[in-house]
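Data from target-v5.pdb: PDB, C-alpha atoms and all ligand atoms
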ATOM      1  CA  MET A1386      75.765 134.257 111.735
ATOM      2  CA  ALA A1387      78.951 132.203 111.791
ATOM      3  CA  THR A1388      80.275 131.330 108.334
ATOM      4  CA  TRP A1389      82.571 128.375 107.767
ATOM      5  CA  GLN A1390      85.999 128.872 106.296
ATOM      6  CA  CYS A1391      89.252 126.949 106.445
ATOM      7  CA  VAL A1392      91.913 128.860 108.349
ATOM      8  CA  LYS A1393      95.639 128.837 107.789
ATOM      9  CA  ASN A1394      98.046 127.208 110.233
ATOM     10  CA  CYS A1395      95.608 124.473 111.192
ATOM     11  CA  GLY A1396      95.662 121.146 109.333
ATOM     12  CA  ALA A1397      93.786 119.319 112.074
ATOM     13  CA  CYS A1398      91.629 117.404 109.585
ATOM     14  CA  CYS A1399      94.765 115.991 107.912
ATOM     15  CA  TYR A1400      95.377 113.686 110.849
ATOM     16  CA  LEU A1401      93.890 110.550 109.344
ATOM     17  CA  GLU A1402      94.546 107.800 111.901
ATOM     18  CA  PRO A1403      91.901 105.202 110.895
ATOM     19  CA  SER A1404      91.351 103.899 114.434
ATOM     20  CA  GLU A1405      90.006 107.342 115.308
ATOM     21  CA  ARG A1406      87.612 107.316 112.347
ATOM     22  CA  PRO A1407      85.889 103.941 112.696
ATOM     23  CA  ASP A1408      83.042 104.867 110.331
ATOM     24  CA  LEU A1409      85.220 105.458 107.252
ATOM     25  CA  GLY A1410      83.480 102.628 105.435
ATOM     26  CA  ASP A1411      80.142 104.408 105.822
ATOM     27  CA  TYR A1412      81.051 107.358 103.650
ATOM     28  CA  LEU A1413      83.953 106.225 101.461
ATOM     29  CA  THR A1414      83.647 103.915  98.481
ATOM     30  CA  PRO A1415      85.927 100.836  98.536
ATOM     31  CA  GLU A1416      88.288 102.583  96.102
ATOM     32  CA  GLU A1417      88.349 105.725  98.240
ATOM     33  CA  LEU A1418      88.963 103.699 101.371
ATOM     34  CA  THR A1419      91.998 102.099  99.707
ATOM     35  CA  LEU A1420      93.231 105.552  98.694
ATOM     36  CA  TYR A1421      92.615 106.914 102.198
ATOM     37  CA  LEU A1422      94.480 104.081 103.922
ATOM     38  CA  GLY A1423      97.376 104.502 101.501
ATOM     39  CA  MET A1424      97.674 108.150 102.553
ATOM     40  CA  VAL A1425      98.170 107.442 106.251
ATOM     41  CA  ALA A1426     101.775 107.727 107.449
ATOM     42  CA  ASP A1427     103.085 105.790 110.449
ATOM     43  CA  ASP A1428     102.371 108.715 112.767
ATOM     44  CA  GLY A1429      98.750 108.944 111.621
ATOM     45  CA  TRP A1430      99.147 112.130 109.582
ATOM     46  CA  CYS A1431      98.474 112.294 105.847
ATOM     47  CA  VAL A1432     101.584 111.723 103.754
ATOM     48  CA  ASN A1433     100.626 114.823 101.753
ATOM     49  CA  TYR A1434     100.529 117.072 104.792
ATOM     50  CA  ASP A1435     103.493 119.397 105.294
ATOM     51  CA  ARG A1436     104.014 119.573 109.053
ATOM     52  CA  ASP A1437     106.188 122.690 108.800
ATOM     53  CA  THR A1438     103.844 124.857 106.753
ATOM     54  CA  ARG A1439     100.695 123.062 107.882
ATOM     55  CA  GLU A1440      99.556 122.929 104.288
ATOM     56  CA  CYS A1441      98.500 120.247 101.825
ATOM     57  CA  ARG A1442     101.188 119.509  99.257
ATOM     58  CA  VAL A1443      98.590 118.345  96.716
ATOM     59  CA  TYR A1444      95.877 120.885  97.493
ATOM     60  CA  ASP A1445      94.625 121.387  93.929
ATOM     61  CA  ASP A1446      94.502 117.625  93.356
ATOM     62  CA  ARG A1447      93.382 116.522  96.821
ATOM     63  CA  PRO A1448      90.825 113.701  96.917
ATOM     64  CA  ALA A1449      87.121 114.460  96.800
ATOM     65  CA  PHE A1450      86.711 113.316 100.405
ATOM     66  CA  CYS A1451      89.044 116.131 101.508
ATOM     67  CA  ARG A1452      86.821 118.821 100.001
ATOM     68  CA  VAL A1453      84.173 120.841 101.798
ATOM     69  CA  ASP A1454      81.586 120.943  99.075
ATOM     70  CA  ALA A1455      77.789 120.886  99.190
ATOM     71  CA  THR A1456      77.432 117.984  96.748
ATOM     72  CA  GLU A1457      80.141 115.950  98.466
ATOM     73  CA  PHE A1458      78.637 116.475 101.912
ATOM     74  CA  GLU A1459      75.137 115.604 100.805
ATOM     75  CA  LEU A1460      76.314 112.397  99.130
ATOM     76  CA  ARG A1461      78.621 111.298 101.933
ATOM     77  CA  TYR A1462      76.928 112.469 105.080
ATOM     78  CA  GLY A1463      73.361 113.249 104.018
ATOM     79  CA  VAL A1464      73.834 116.875 104.988
ATOM     80  CA  GLU A1465      71.532 119.246 103.126
ATOM     81  CA  GLU A1466      73.048 122.387 101.686
ATOM     82  CA  ALA A1467      71.214 124.566 104.208
ATOM     83  CA  ASP A1468      72.931 122.711 107.053
ATOM     84  CA  LEU A1469      76.387 122.515 105.496
ATOM     85  CA  ASN A1470      77.734 125.641 107.174
ATOM     86  CA  GLU A1471      76.889 124.549 110.702
ATOM     87  CA  PHE A1472      77.952 120.962 110.045
ATOM     88  CA  ALA A1473      81.352 122.018 108.631
ATOM     89  CA  ILE A1474      81.998 124.361 111.566
ATOM     90  CA  GLU A1475      81.266 121.576 114.036
ATOM     91  CA  CYS A1476      83.492 119.126 112.118
ATOM     92  CA  CYS A1477      86.412 121.558 112.200
ATOM     93  CA  GLN A1478      85.894 122.342 115.881
ATOM     94  CA  GLU A1479      85.905 118.628 116.640
ATOM     95  CA  HIS A1480      89.104 118.006 114.670
ATOM     96  CA  ILE A1481      90.863 121.047 116.129
ATOM     97  CA  ASN A1482      89.784 120.150 119.627
ATOM     98  CA  ASP A1483      91.065 116.580 119.188
ATOM     99  CA  ILE A1484      94.442 117.638 117.799
ATOM    100  CA  TYR A1485      95.257 120.885 119.546
ATOM    101  CA  GLY A1486      92.925 120.991 122.535
ATOM    102  CA  ASP A1487      89.929 123.017 123.639
ATOM    103  CA  ARG A1488      92.082 125.885 124.860
ATOM    104  CA  SER A1489      94.371 125.986 121.863
ATOM    105  CA  LEU A1490      95.255 129.005 119.861
ATOM    106  CA  GLU A1491      94.144 127.075 116.783
ATOM    107  CA  LEU A1492      90.603 126.732 118.139
ATOM    108  CA  ILE A1493      90.463 130.362 119.215
ATOM    109  CA  ARG A1494      91.667 131.468 115.801
ATOM    110  CA  PHE A1495      89.187 129.231 113.983
ATOM    111  CA  ASN A1496      86.252 130.399 116.103
ATOM    112  CA  GLN A1497      87.163 134.003 115.539
ATOM    113  CA  ALA A1498      87.630 133.562 111.784
ATOM    114  CA  VAL A1499      84.232 131.910 111.308
ATOM    115  CA  GLY A1500      82.504 134.320 113.663
ATOM    116  CA  VAL A1501      81.939 132.162 116.712
ATOM    117  CA  LYS A1502      82.188 134.287 119.830
ATOM    118  CA  ALA A1503      85.794 134.741 120.940
ATOM    119  CA  LYS A1504      86.812 132.456 123.693
ATOM    120  CA  ARG A1505      88.276 133.794 126.892
ATOM    121  CA  ILE A1506      91.690 132.541 127.799
ATOM    122  CA  ARG A1507      91.221 131.382 131.310
ATOM    123  CA  ARG A1508      93.614 132.169 134.072
ATOM    124  CA  SER A1509      93.488 128.912 135.932
ATOM    125  CA  GLY A1510      94.926 125.740 134.557
ATOM    126  CA  ASN A1511      96.006 127.152 131.211
ATOM    127  CA  PRO A1512      99.451 125.677 130.630
ATOM    128  CA  ASN A1513     100.023 127.825 127.544
ATOM    129  CA  ALA A1514      99.815 131.236 129.175
ATOM    130  CA  THR A1515     102.036 133.208 131.478
ATOM    131  CA  HIS A1516     100.446 135.746 133.793
ATOM    132  CA  ASP A1517     101.305 138.972 135.533
ATOM    133  CA  PRO A1518     101.846 137.923 139.164
ATOM    134  CA  LYS A1519     100.038 141.013 140.478
ATOM    135  CA  THR A1520      97.084 141.409 138.143
ATOM    136  CA  GLN A1521      96.844 137.776 136.945
ATOM    137  CA  HIS A1522      96.297 139.125 133.433
ATOM    138  CA  VAL A1523      97.654 137.098 130.531
ATOM    139  CA  VAL A1524     101.091 138.353 129.533
ATOM    140  CA  THR A1525     101.987 135.812 126.879
ATOM    141  CA  PHE A1526     100.132 132.949 125.270
ATOM    142  CA  TYR A1527     101.966 130.162 123.442
ATOM    143  CA  ASP A1528     100.427 128.137 120.656
ATOM    144  CA  SER A1529     101.205 124.448 120.107
ATOM    145  CA  ARG A1530     104.396 125.363 118.246
ATOM    146  CA  GLN A1531     105.517 127.512 121.180
ATOM    147  CA  ILE A1532     105.059 130.710 119.196
ATOM    148  CA  ALA A1533     104.260 133.537 121.591
ATOM    149  CA  PHE A1534     101.300 135.911 121.316
ATOM    150  CA  GLN A1535     100.351 138.797 123.562
ATOM    151  CA  PRO A1536      97.058 140.540 124.257
ATOM    152  CA  VAL A1537      96.562 143.635 122.123
ATOM    153  CA  ASP A1538      93.580 145.018 124.031
ATOM    154  CA  THR A1539      94.675 146.670 127.248
ATOM    155  CA  LEU A1540      91.058 146.915 128.390
ATOM    156  CA  ARG A1541      90.609 143.153 128.126
ATOM    157  CA  PRO A1542      94.024 141.794 129.016
ATOM    158  CA  ASN A1543      92.790 138.240 129.442
ATOM    159  CA  TYR A1544      91.775 138.052 125.807
ATOM    160  CA  ILE A1545      94.086 137.296 122.922
ATOM    161  CA  GLN A1546      92.790 138.926 119.756
ATOM    162  CA  PHE A1547      93.571 137.925 116.209
ATOM    163  CA  LYS A1548      92.801 139.492 112.894
ATOM    164  CA  ALA A1549      90.828 137.083 110.746
TER     165      ALA A1549
HETATM  166  S1  LIG B   1      90.145 121.409 110.491
HETATM  167 FE1  LIG B   1      88.969 122.919 109.348
HETATM  168  S2  LIG B   1      90.117 124.839 109.578
HETATM  169 FE2  LIG B   1      91.492 123.139 110.114
HETATM  170  S3  LIG B   1      92.605 122.666 108.190
HETATM  171 FE3  LIG B   1      90.811 121.302 108.346
HETATM  172  S4  LIG B   1      89.198 122.373 107.172
HETATM  173 FE4  LIG B   1      90.788 123.877 107.641
HETATM  174  S1  LIG B   2      95.367 115.149 100.794
HETATM  175 FE1  LIG B   2      95.792 117.173 101.575
HETATM  176  S2  LIG B   2      93.814 117.940 102.377
HETATM  177 FE2  LIG B   2      93.655 115.692 102.153
HETATM  178  S3  LIG B   2      94.206 114.873 104.162
HETATM  179 FE3  LIG B   2      96.066 114.910 102.910
HETATM  180  S4  LIG B   2      97.074 116.854 103.379
HETATM  181 FE4  LIG B   2      94.953 116.986 104.102
END
Please re-express this file's structure in C-alpha cells.
Amino acid sequence: MATWQCVKNCGACCYLEPSERPDLGDYLTPEELTLYLGMVADDGWCVNYDRDTRECRVYDDRPAFCRVDATEFELRYGVEEADLNEFAIECCQEHINDIYGDRSLELIRFNQAVGVKAKRIRRSGNPNATHDPKTQHVVTFYDSRQIAFQPVDTLRPNYIQFKA
C-alpha cells in the first residue's frame, strides 16, 4: 500500500496564489486567512519558502494549515483518519502536477517515495529527455532545474530510477 510522506526537493504546496485556491475561506478561520494572505509574495510563492533549497524557512513554526496531521485534516476537510493517507497523496500529486507537470521528475520521485507504481518516461513528446537516436532509449532526463539524471537500469533504459 502507498504511504504518504513529504519528499525533499519539492515545495509544490508552498505556491499559495489565492486565485488558484478559491475555497480558502471554507477551511481557514478569518485569522488564518489573514495570515495566509500575508504570506503570499508577488509571484504567488510563500514568503517563507526558500526557492534555492526548496525548503521552508520556518518549518518548526509553520502555521497549522501547513501541517499534514490527522486532527488538522479532520477539522479542516472532514477527512477521517483512515482516509488521510490517500487524501494526502492525492493532494500532493495535484500540487506537484500543477507546479511541475505530469511528466516531471518531482512527480516521479514523489510517486516512487510513497510507493505509487513508477511512471514510465515516455519517448514521444517529453521535452525533458534526450534519446539515443538508434534505440530511442532515454539517455538523459532533466528536471525542472535542468539537473540531469540518467537511467541506472540497463534492462529498462526508458525508466529513470531513484532511491527513496
Ligand atoms: S507537495 Fe507534498 S511532497 Fe511536495 S513539499 Fe508539499 S507536502 Fe511535500
Ligand atoms: S510556511 Fe513553510 S510550509 Fe507553509 S507554505 Fe510557507 S514555506 Fe510552505
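Between ligand LIG 2 (chain B) and the candidates A:Gly1500, A:Gly1396, A:Pro1403, A:Pro1518, the tightest atom-to-atom separation, counting all atoms listed in the file, involves A:Gly1396.
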- With a distance cut-off of 10 Å and only C-alpha atoms, select the neighbouring residues of A:Ala1426, excluding the residue or stretch itself and same-chain residues fewer than 4 positions from it, and output the selection as number ranges by chain. A: 1400-1402, 1422, 1430-1434
- Hey, what comes out of the PyMOL selection byres (((chain A and resi 1409) around 12) and not hetatm) on this file? Could you write it as a PyMOL selection string? chain A and resi 1401-1408+1410-1422+1450+1461-1462
- Task: Using all atoms listed in the file, find each protein or nucleic acid residue lying at most 7 Å from ligand LIG 1 (chain B); present the set as a VMD selection string.
- Result: chain A and resid 1390 to 1393 1395 to 1399 1477 to 1478 1480 to 1481 1495
- Distance of atom CA of A:Leu1469 from atom CA of A:Pro1448, expressed in Å to one decimal place: 19.0 Å
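In this structure, atom CA of A:Met1386 sits 12.8 Å away from atom CA of A:Asp1468.
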- atom CA of A:Asp1435 and atom CA of A:Trp1389, how far apart in Å? 22.9 Å
Please determine an axis-aligned box that encloses all atoms of ligand LIG 2 (chain B) listed in the file, with 4 Å added on each side, and express its centre and edge lengths in Å to one decimal as lines of an AutoDock Vina configuration file.
center_x = 95.4
center_y = 116.4
center_z = 102.5
size_x = 11.4
size_y = 11.1
size_z = 11.4
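Shortest separation to ligand LIG 2 (chain B) among A:Asp1487, A:Asp1445, A:Asp1427, A:Asp1437 occurs at residue A:Asp1445, atoms counted being all atoms listed in the file.
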- Query: From the set A:Cys1451, A:Thr1438, A:Gly1423, A:Asp1517, which residue has the shortest atom-to-atom contact distance to ligand LIG 2 (chain B), counting only C-alpha atoms and all ligand atoms?
  - Reply: A:Cys1451
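With all atoms listed in the file as the atoms that count, the residue of A:Ala1387, A:Val1425, A:Val1453, A:Cys1441 with the shortest distance to ligand LIG 2 (chain B) is A:Cys1441.
For the choices A:Tyr1485, A:Thr1388, A:Glu1491, A:Arg1442, the atom-to-atom distance to ligand LIG 2 (chain B) is smallest for A:Arg1442 when using only C-alpha atoms and all ligand atoms.
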